[in-house]
file upload03.pdb (PDB, C-alpha atoms, pLDDT in the B column)
ATOM      1  CA  SER A   1    -229.721-149.191  57.965  1.00 58.00           C
ATOM      2  CA  GLU A   2    -231.908-150.793  60.614  1.00 69.00           C
ATOM      3  CA  TRP A   3    -231.269-147.942  63.014  1.00 67.00           C
ATOM      4  CA  PHE A   4    -232.525-145.363  60.482  1.00 63.00           C
ATOM      5  CA  GLN A   5    -235.633-147.458  59.774  1.00 67.00           C
ATOM      6  CA  GLN A   6    -236.387-147.733  63.513  1.00 73.00           C
ATOM      7  CA  SER A   7    -235.911-144.008  64.030  1.00 72.00           C
ATOM      8  CA  HIS A   8    -238.398-143.366  61.237  1.00 64.00           C
ATOM      9  CA  LYS A   9    -240.968-145.648  62.894  1.00 69.00           C
ATOM     10  CA  ALA A  10    -240.246-144.182  66.356  1.00 75.00           C
ATOM     11  CA  ALA A  11    -240.921-140.659  65.074  1.00 72.00           C
ATOM     12  CA  GLY A  12    -244.606-141.590  64.989  1.00 74.00           C
ATOM     13  CA  GLN A  13    -246.818-138.666  64.046  1.00 74.00           C
ATOM     14  CA  ASN A  14    -244.227-135.951  64.721  1.00 75.00           C
ATOM     15  CA  ASP A  15    -243.709-134.498  61.236  1.00 77.00           C
ATOM     16  CA  PHE A  16    -240.378-132.865  62.077  1.00 79.00           C
ATOM     17  CA  TYR A  17    -238.733-136.042  63.400  1.00 77.00           C
ATOM     18  CA  ARG A  18    -240.312-138.223  60.735  1.00 74.00           C
ATOM     19  CA  SER A  19    -239.022-135.875  57.997  1.00 79.00           C
ATOM     20  CA  LYS A  20    -235.534-135.840  59.521  1.00 80.00           C
ATOM     21  CA  ALA A  21    -235.476-139.633  59.788  1.00 78.00           C
ATOM     22  CA  LYS A  22    -236.647-139.959  56.181  1.00 78.00           C
ATOM     23  CA  LYS A  23    -233.814-137.705  54.992  1.00 82.00           C
ATOM     24  CA  ASN A  24    -231.313-139.868  56.865  1.00 79.00           C
ATOM     25  CA  VAL A  25    -232.760-143.001  55.225  1.00 79.00           C
ATOM     26  CA  SER A  26    -232.415-141.319  51.786  1.00 83.00           C
ATOM     27  CA  ARG A  27    -228.822-140.342  52.514  1.00 85.00           C
ATOM     28  CA  MET A  28    -228.046-143.876  53.648  1.00 83.00           C
ATOM     29  CA  HIS A  29    -229.514-145.353  50.434  1.00 85.00           C
ATOM     30  CA  ALA A  30    -227.483-142.888  48.351  1.00 89.00           C
ATOM     31  CA  LYS A  31    -224.278-143.894  50.160  1.00 87.00           C
ATOM     32  CA  GLU A  32    -225.084-147.597  49.704  1.00 87.00           C
ATOM     33  CA  SER A  33    -225.702-147.040  45.980  1.00 88.00           C
ATOM     34  CA  ALA A  34    -222.434-145.151  45.630  1.00 87.00           C
ATOM     35  CA  LEU A  35    -220.540-147.968  47.375  1.00 86.00           C
ATOM     36  CA  ASP A  36    -222.203-150.617  45.173  1.00 86.00           C
ATOM     37  CA  LYS A  37    -221.319-148.640  42.052  1.00 84.00           C
ATOM     38  CA  LEU A  38    -217.730-148.267  43.246  1.00 80.00           C
ATOM     39  CA  GLU A  39    -217.443-151.998  43.872  1.00 79.00           C
ATOM     40  CA  GLN A  40    -218.947-152.859  40.471  1.00 78.00           C
ATOM     41  CA  GLU A  41    -216.842-150.455  38.437  1.00 75.00           C
ATOM     42  CA  GLY A  42    -213.715-150.892  40.487  1.00 71.00           C
ATOM     43  CA  VAL A  43    -211.091-148.289  40.939  1.00 65.00           C
ATOM     44  CA  GLN A  44    -208.237-147.898  38.519  1.00 70.00           C
ATOM     45  CA  LYS A  45    -204.853-147.621  40.083  1.00 70.00           C
ATOM     46  CA  PRO A  46    -203.218-144.285  39.390  1.00 71.00           C
ATOM     47  CA  ARG A  47    -200.553-144.329  36.720  1.00 74.00           C
ATOM     48  CA  GLU A  48    -197.038-143.883  37.889  1.00 76.00           C
ATOM     49  CA  SER A  49    -196.166-140.241  37.569  1.00 75.00           C
ATOM     50  CA  ALA A  50    -193.379-139.285  35.233  1.00 72.00           C
ATOM     51  CA  ARG A  51    -190.059-138.949  36.923  1.00 78.00           C
ATOM     52  CA  LEU A  52    -187.564-136.232  36.304  1.00 71.00           C
ATOM     53  CA  SER A  53    -183.933-137.092  36.574  1.00 76.00           C
ATOM     54  CA  MET A  54    -181.434-134.279  36.265  1.00 74.00           C
ATOM     55  CA  ARG A  55    -178.083-133.197  37.555  1.00 79.00           C
ATOM     56  CA  LEU A  56    -177.110-129.551  37.836  1.00 74.00           C
ATOM     57  CA  GLU A  57    -173.469-128.646  37.761  1.00 76.00           C
ATOM     58  CA  ASP A  58    -171.714-125.357  38.287  1.00 73.00           C
ATOM     59  CA  ALA A  59    -169.677-124.667  35.190  1.00 71.00           C
ATOM     60  CA  GLY A  60    -168.244-121.512  36.696  1.00 72.00           C
ATOM     61  CA  PHE A  61    -168.801-117.929  35.624  1.00 69.00           C
ATOM     62  CA  ALA A  62    -165.815-116.270  34.020  1.00 76.00           C
ATOM     63  CA  ALA A  63    -166.947-112.638  33.683  1.00 81.00           C
ATOM     64  CA  THR A  64    -165.701-110.136  36.226  1.00 89.00           C
ATOM     65  CA  THR A  65    -168.082-107.368  35.148  1.00 89.00           C
ATOM     66  CA  LEU A  66    -171.712-108.439  35.596  1.00 88.00           C
ATOM     67  CA  LEU A  67    -173.386-105.183  34.550  1.00 88.00           C
ATOM     68  CA  ARG A  68    -172.216-101.960  32.931  1.00 90.00           C
ATOM     69  CA  LEU A  69    -174.322 -98.896  32.087  1.00 87.00           C
ATOM     70  CA  GLU A  70    -172.850 -95.928  30.290  1.00 91.00           C
ATOM     71  CA  ASN A  71    -174.634 -92.630  29.650  1.00 90.00           C
ATOM     72  CA  ALA A  72    -178.028 -94.147  30.557  1.00 88.00           C
ATOM     73  CA  GLY A  73    -181.061 -91.931  31.018  1.00 87.00           C
ATOM     74  CA  PHE A  74    -184.807 -92.287  31.413  1.00 83.00           C
ATOM     75  CA  ALA A  75    -187.878 -90.082  31.154  1.00 86.00           C
ATOM     76  CA  TYR A  76    -191.586 -90.633  30.713  1.00 85.00           C
ATOM     77  CA  GLU A  77    -193.004 -89.019  27.598  1.00 88.00           C
ATOM     78  CA  GLY A  78    -193.727 -85.353  28.175  1.00 90.00           C
ATOM     79  CA  THR A  79    -191.902 -85.172  31.542  1.00 89.00           C
ATOM     80  CA  PRO A  80    -188.396 -84.123  32.572  1.00 90.00           C
ATOM     81  CA  GLU A  81    -185.692 -86.783  32.711  1.00 88.00           C
ATOM     82  CA  ILE A  82    -185.690 -88.853  35.867  1.00 82.00           C
ATOM     83  CA  PHE A  83    -181.981 -89.526  35.437  1.00 82.00           C
ATOM     84  CA  ARG A  84    -179.368 -88.950  32.743  1.00 88.00           C
ATOM     85  CA  ASN A  85    -175.710 -89.705  32.090  1.00 92.00           C
ATOM     86  CA  LEU A  86    -175.874 -92.608  34.523  1.00 88.00           C
ATOM     87  CA  GLN A  87    -172.602 -94.525  34.786  1.00 90.00           C
ATOM     88  CA  LEU A  88    -172.763 -97.855  36.599  1.00 87.00           C
ATOM     89  CA  SER A  89    -170.544-100.882  36.763  1.00 90.00           C
ATOM     90  CA  VAL A  90    -171.308-103.939  38.910  1.00 91.00           C
ATOM     91  CA  ASN A  91    -168.521-106.455  39.280  1.00 92.00           C
ATOM     92  CA  ARG A  92    -168.521-109.928  40.788  1.00 88.00           C
ATOM     93  CA  GLY A  93    -168.569-109.679  44.581  1.00 89.00           C
ATOM     94  CA  ASP A  94    -169.947-106.108  44.598  1.00 91.00           C
ATOM     95  CA  ARG A  95    -172.920-105.173  46.713  1.00 90.00           C
ATOM     96  CA  ILE A  96    -175.182-102.358  45.590  1.00 86.00           C
ATOM     97  CA  ALA A  97    -177.870-100.262  47.245  1.00 89.00           C
ATOM     98  CA  ILE A  98    -180.296 -97.871  45.578  1.00 88.00           C
ATOM     99  CA  LEU A  99    -180.957 -94.948  47.916  1.00 91.00           C
ATOM    100  CA  GLY A 100    -182.975 -91.785  47.433  1.00 91.00           C
ATOM    101  CA  PRO A 101    -186.125 -89.923  48.457  1.00 94.00           C
ATOM    102  CA  ASN A 102    -189.591 -91.007  47.353  1.00 93.00           C
ATOM    103  CA  GLY A 103    -190.237 -90.216  43.716  1.00 88.00           C
ATOM    104  CA  ALA A 104    -186.568 -89.981  42.784  1.00 84.00           C
ATOM    105  CA  GLY A 105    -186.815 -92.928  40.331  1.00 79.00           C
ATOM    106  CA  LYS A 106    -185.343 -95.842  42.315  1.00 86.00           C
ATOM    107  CA  SER A 107    -187.971 -98.371  41.144  1.00 88.00           C
ATOM    108  CA  THR A 108    -187.868 -97.028  37.597  1.00 80.00           C
ATOM    109  CA  LEU A 109    -184.114 -97.496  37.546  1.00 74.00           C
ATOM    110  CA  LEU A 110    -184.465-101.099  38.683  1.00 80.00           C
ATOM    111  CA  LYS A 111    -187.218-101.791  36.153  1.00 80.00           C
TER     112      LYS A 111
END

call {"tool": "encode", "arguments": {"input": "upload03.pdb", "output": "structure tokens"}}
result
Amino acid sequence: SEWFQQSHKAAGQNDFYRSKAKKNVSRMHAKESALDKLEQEGVQKPRESARLSMRLEDAGFAATTLLRLENAGFAYEGTPEIFRNLQLSVNRGDRIAILGPNGAGKSTLLK
């Protein structure tokens, strides 16, 4: 506080330094006011956040066949079929890959 007041006096007639010192004094007063207000109003302690307690267990998965498609086909309206008569069976433990050139319908099949 005192330092800002002295800098304002030391600026003398130099408008630039006097203006800068005055801004610093204003900022200091604003900070002091904010601290006073904080002390008067106090700060409420944050509420304890809700706690989630859960236990996940693996109940096992009995199915051997995870996915089966029979005679599946797809086409956009007004266009030729992208695929038809698709037969697909995915069993537990299987690994699958969708391969084909661009535009063959790989993403459409997955969607």

call {"tool": "residues_around", "arguments": {"input": "upload03.pdb", "residues": "Gln87 (chain A)", "least_positions_apart": "6", "cutoff": "6 Å", "atoms": "all atoms listed in the file", "output": "PyMOL selection string"}}
result
chain A and resi 69-71

call {"tool": "axis_aligned_box", "arguments": {"input": "upload03.pdb", "around": "region 78-88 of chain A", "padding_each_side": "4 Å", "output": "JSON"}}
result
{"center_x": -183.2, "center_y": -91.0, "center_z": 32.4, "size_x": 29.1, "size_y": 21.7, "size_z": 16.4}

call {"tool": "residues_around", "arguments": {"input": "upload03.pdb", "residues": "Ala104 (chain A)", "least_positions_apart": "3", "cutoff": "8 Å", "atoms": "all atoms listed in the file", "output": "ChimeraX atom specification"}}
result
/A:82,100-101

call {"tool": "atom_distance", "arguments": {"input": "upload03.pdb", "atom1": "CA of Asn91 (chain A)", "atom2": "CA of Gly103 (chain A)"}}
result
27.5 Å

call {"tool": "residues_around", "arguments": {"input": "upload03.pdb", "residues": "Gly93 (chain A)", "least_positions_apart": "3", "cutoff": "10 Å", "atoms": "all atoms listed in the file", "output": "PyMOL selection string"}}
result
chain A and resi 64-66+90+96

call {"tool": "resolve_selection", "arguments": {"input": "upload03.pdb", "expression": "the PyMOL selection byres ((chain A and resi 72) around 12)", "output": "number ranges by chain"}}
result
A: 68-71, 73-75, 81-89, 109

call {"tool": "atom_distance", "arguments": {"input": "upload03.pdb", "atom1": "CA of Arg27 (chain A)", "atom2": "CA of Gly42 (chain A)"}}
result
22.0 Å

call {"tool": "closest_residue", "arguments": {"input": "upload03.pdb", "among": "A:Asn102, A:Ser7, A:Gln40, A:Gln13", "to": "Val25 (chain A)", "atoms": "all atoms listed in the file"}}
result
A:Ser7

call {"tool": "closest_residue", "arguments": {"input": "upload03.pdb", "among": "A:Gly105, A:Ser53, A:Phe16, A:His29", "to": "Pro80 (chain A)", "atoms": "all atoms listed in the file"}}
result
A:Gly105

call {"tool": "atom_distance", "arguments": {"input": "upload03.pdb", "atom1": "CA of Lys111 (chain A)", "atom2": "CA of Ala62 (chain A)"}}
result
25.9 Å

call {"tool": "build_atoms", "arguments": {"input": "upload03.pdb", "residues": "region 74-98 of chain A", "atoms": "N, CA, C and O atoms", "output": "PDB file, keeping the file's coordinate frame"}}
result
ATOM      1  N   PHE A  74    -183.421 -91.845  31.550  1.00 83.00           N
ATOM      2  CA  PHE A  74    -184.807 -92.287  31.413  1.00 83.00           C
ATOM      3  C   PHE A  74    -185.743 -91.131  31.710  1.00 83.00           C
ATOM      4  O   PHE A  74    -185.504 -90.341  32.622  1.00 83.00           O
ATOM      5  N   ALA A  75    -186.826 -91.071  30.911  1.00 86.00           N
ATOM      6  CA  ALA A  75    -187.878 -90.082  31.154  1.00 86.00           C
ATOM      7  C   ALA A  75    -189.177 -90.637  30.604  1.00 86.00           C
ATOM      8  O   ALA A  75    -189.179 -91.369  29.615  1.00 86.00           O
ATOM      9  N   TYR A  76    -190.278 -90.316  31.258  1.00 85.00           N
ATOM     10  CA  TYR A  76    -191.586 -90.633  30.713  1.00 85.00           C
ATOM     11  C   TYR A  76    -191.917 -89.584  29.669  1.00 85.00           C
ATOM     12  O   TYR A  76    -191.478 -88.425  29.774  1.00 85.00           O
ATOM     13  N   GLU A  77    -192.682 -89.945  28.683  1.00 88.00           N
ATOM     14  CA  GLU A  77    -193.004 -89.019  27.598  1.00 88.00           C
ATOM     15  C   GLU A  77    -193.671 -87.760  28.158  1.00 88.00           C
ATOM     16  O   GLU A  77    -194.619 -87.831  28.932  1.00 88.00           O
ATOM     17  N   GLY A  78    -193.138 -86.632  27.762  1.00 90.00           N
ATOM     18  CA  GLY A  78    -193.727 -85.353  28.175  1.00 90.00           C
ATOM     19  C   GLY A  78    -193.310 -84.900  29.567  1.00 90.00           C
ATOM     20  O   GLY A  78    -193.861 -83.930  30.083  1.00 90.00           O
ATOM     21  N   THR A  79    -192.356 -85.579  30.200  1.00 89.00           N
ATOM     22  CA  THR A  79    -191.902 -85.172  31.542  1.00 89.00           C
ATOM     23  C   THR A  79    -190.389 -85.000  31.522  1.00 89.00           C
ATOM     24  O   THR A  79    -189.707 -85.525  30.650  1.00 89.00           O
ATOM     25  N   PRO A  80    -189.855 -84.283  32.511  1.00 90.00           N
ATOM     26  CA  PRO A  80    -188.396 -84.123  32.572  1.00 90.00           C
ATOM     27  C   PRO A  80    -187.710 -85.473  32.833  1.00 90.00           C
ATOM     28  O   PRO A  80    -188.324 -86.401  33.339  1.00 90.00           O
ATOM     29  N   GLU A  81    -186.448 -85.544  32.491  1.00 88.00           N
ATOM     30  CA  GLU A  81    -185.692 -86.783  32.711  1.00 88.00           C
ATOM     31  C   GLU A  81    -185.652 -87.120  34.200  1.00 88.00           C
ATOM     32  O   GLU A  81    -185.474 -86.238  35.045  1.00 88.00           O
ATOM     33  N   ILE A  82    -185.802 -88.407  34.474  1.00 82.00           N
ATOM     34  CA  ILE A  82    -185.690 -88.853  35.867  1.00 82.00           C
ATOM     35  C   ILE A  82    -184.209 -88.995  36.218  1.00 82.00           C
ATOM     36  O   ILE A  82    -183.777 -88.624  37.293  1.00 82.00           O
ATOM     37  N   PHE A  83    -183.440 -89.519  35.294  1.00 82.00           N
ATOM     38  CA  PHE A  83    -181.981 -89.526  35.437  1.00 82.00           C
ATOM     39  C   PHE A  83    -181.353 -89.488  34.052  1.00 82.00           C
ATOM     40  O   PHE A  83    -181.965 -89.838  33.059  1.00 82.00           O
ATOM     41  N   ARG A  84    -180.100 -89.002  34.019  1.00 88.00           N
ATOM     42  CA  ARG A  84    -179.368 -88.950  32.743  1.00 88.00           C
ATOM     43  C   ARG A  84    -177.877 -89.109  33.029  1.00 88.00           C
ATOM     44  O   ARG A  84    -177.423 -88.879  34.144  1.00 88.00           O
ATOM     45  N   ASN A  85    -177.158 -89.496  31.990  1.00 92.00           N
ATOM     46  CA  ASN A  85    -175.710 -89.705  32.090  1.00 92.00           C
ATOM     47  C   ASN A  85    -175.330 -90.637  33.243  1.00 92.00           C
ATOM     48  O   ASN A  85    -174.341 -90.418  33.932  1.00 92.00           O
ATOM     49  N   LEU A  86    -176.145 -91.659  33.443  1.00 88.00           N
ATOM     50  CA  LEU A  86    -175.874 -92.608  34.523  1.00 88.00           C
ATOM     51  C   LEU A  86    -174.731 -93.535  34.122  1.00 88.00           C
ATOM     52  O   LEU A  86    -174.736 -94.110  33.035  1.00 88.00           O
ATOM     53  N   GLN A  87    -173.725 -93.613  34.977  1.00 90.00           N
ATOM     54  CA  GLN A  87    -172.602 -94.525  34.786  1.00 90.00           C
ATOM     55  C   GLN A  87    -172.665 -95.547  35.923  1.00 90.00           C
ATOM     56  O   GLN A  87    -172.730 -95.169  37.086  1.00 90.00           O
ATOM     57  N   LEU A  88    -172.656 -96.830  35.567  1.00 87.00           N
ATOM     58  CA  LEU A  88    -172.763 -97.855  36.599  1.00 87.00           C
ATOM     59  C   LEU A  88    -172.013 -99.094  36.142  1.00 87.00           C
ATOM     60  O   LEU A  88    -172.140 -99.525  34.992  1.00 87.00           O
ATOM     61  N   SER A  89    -171.242 -99.642  37.045  1.00 90.00           N
ATOM     62  CA  SER A  89    -170.544-100.882  36.763  1.00 90.00           C
ATOM     63  C   SER A  89    -170.672-101.766  37.999  1.00 90.00           C
ATOM     64  O   SER A  89    -170.364-101.330  39.116  1.00 90.00           O
ATOM     65  N   VAL A  90    -171.169-102.979  37.808  1.00 91.00           N
ATOM     66  CA  VAL A  90    -171.308-103.939  38.910  1.00 91.00           C
ATOM     67  C   VAL A  90    -170.413-105.123  38.591  1.00 91.00           C
ATOM     68  O   VAL A  90    -170.577-105.784  37.569  1.00 91.00           O
ATOM     69  N   ASN A  91    -169.459-105.360  39.462  1.00 92.00           N
ATOM     70  CA  ASN A  91    -168.521-106.455  39.280  1.00 92.00           C
ATOM     71  C   ASN A  91    -168.841-107.601  40.243  1.00 92.00           C
ATOM     72  O   ASN A  91    -169.570-107.416  41.231  1.00 92.00           O
ATOM     73  N   ARG A  92    -168.294-108.765  39.934  1.00 88.00           N
ATOM     74  CA  ARG A  92    -168.521-109.928  40.788  1.00 88.00           C
ATOM     75  C   ARG A  92    -168.057-109.601  42.208  1.00 88.00           C
ATOM     76  O   ARG A  92    -166.999-109.008  42.401  1.00 88.00           O
ATOM     77  N   GLY A  93    -168.896-109.943  43.181  1.00 89.00           N
ATOM     78  CA  GLY A  93    -168.569-109.679  44.581  1.00 89.00           C
ATOM     79  C   GLY A  93    -169.037-108.332  45.082  1.00 89.00           C
ATOM     80  O   GLY A  93    -169.022-108.081  46.280  1.00 89.00           O
ATOM     81  N   ASP A  94    -169.460-107.430  44.180  1.00 91.00           N
ATOM     82  CA  ASP A  94    -169.947-106.108  44.598  1.00 91.00           C
ATOM     83  C   ASP A  94    -171.316-106.240  45.260  1.00 91.00           C
ATOM     84  O   ASP A  94    -172.094-107.139  44.956  1.00 91.00           O
ATOM     85  N   ARG A  95    -171.580-105.300  46.123  1.00 90.00           N
ATOM     86  CA  ARG A  95    -172.920-105.173  46.713  1.00 90.00           C
ATOM     87  C   ARG A  95    -173.404-103.773  46.373  1.00 90.00           C
ATOM     88  O   ARG A  95    -172.643-102.804  46.468  1.00 90.00           O
ATOM     89  N   ILE A  96    -174.669-103.675  45.975  1.00 86.00           N
ATOM     90  CA  ILE A  96    -175.182-102.358  45.590  1.00 86.00           C
ATOM     91  C   ILE A  96    -176.428-102.038  46.404  1.00 86.00           C
ATOM     92  O   ILE A  96    -177.133-102.938  46.867  1.00 86.00           O
ATOM     93  N   ALA A  97    -176.671-100.765  46.577  1.00 89.00           N
ATOM     94  CA  ALA A  97    -177.870-100.262  47.245  1.00 89.00           C
ATOM     95  C   ALA A  97    -178.380 -99.085  46.432  1.00 89.00           C
ATOM     96  O   ALA A  97    -177.589 -98.278  45.932  1.00 89.00           O
ATOM     97  N   ILE A  98    -179.683 -98.999  46.275  1.00 88.00           N
ATOM     98  CA  ILE A  98    -180.296 -97.871  45.578  1.00 88.00           C
ATOM     99  C   ILE A  98    -180.971 -97.014  46.648  1.00 88.00           C
ATOM    100  O   ILE A  98    -181.947 -97.437  47.257  1.00 88.00           O
TER     101      ILE A  98
END
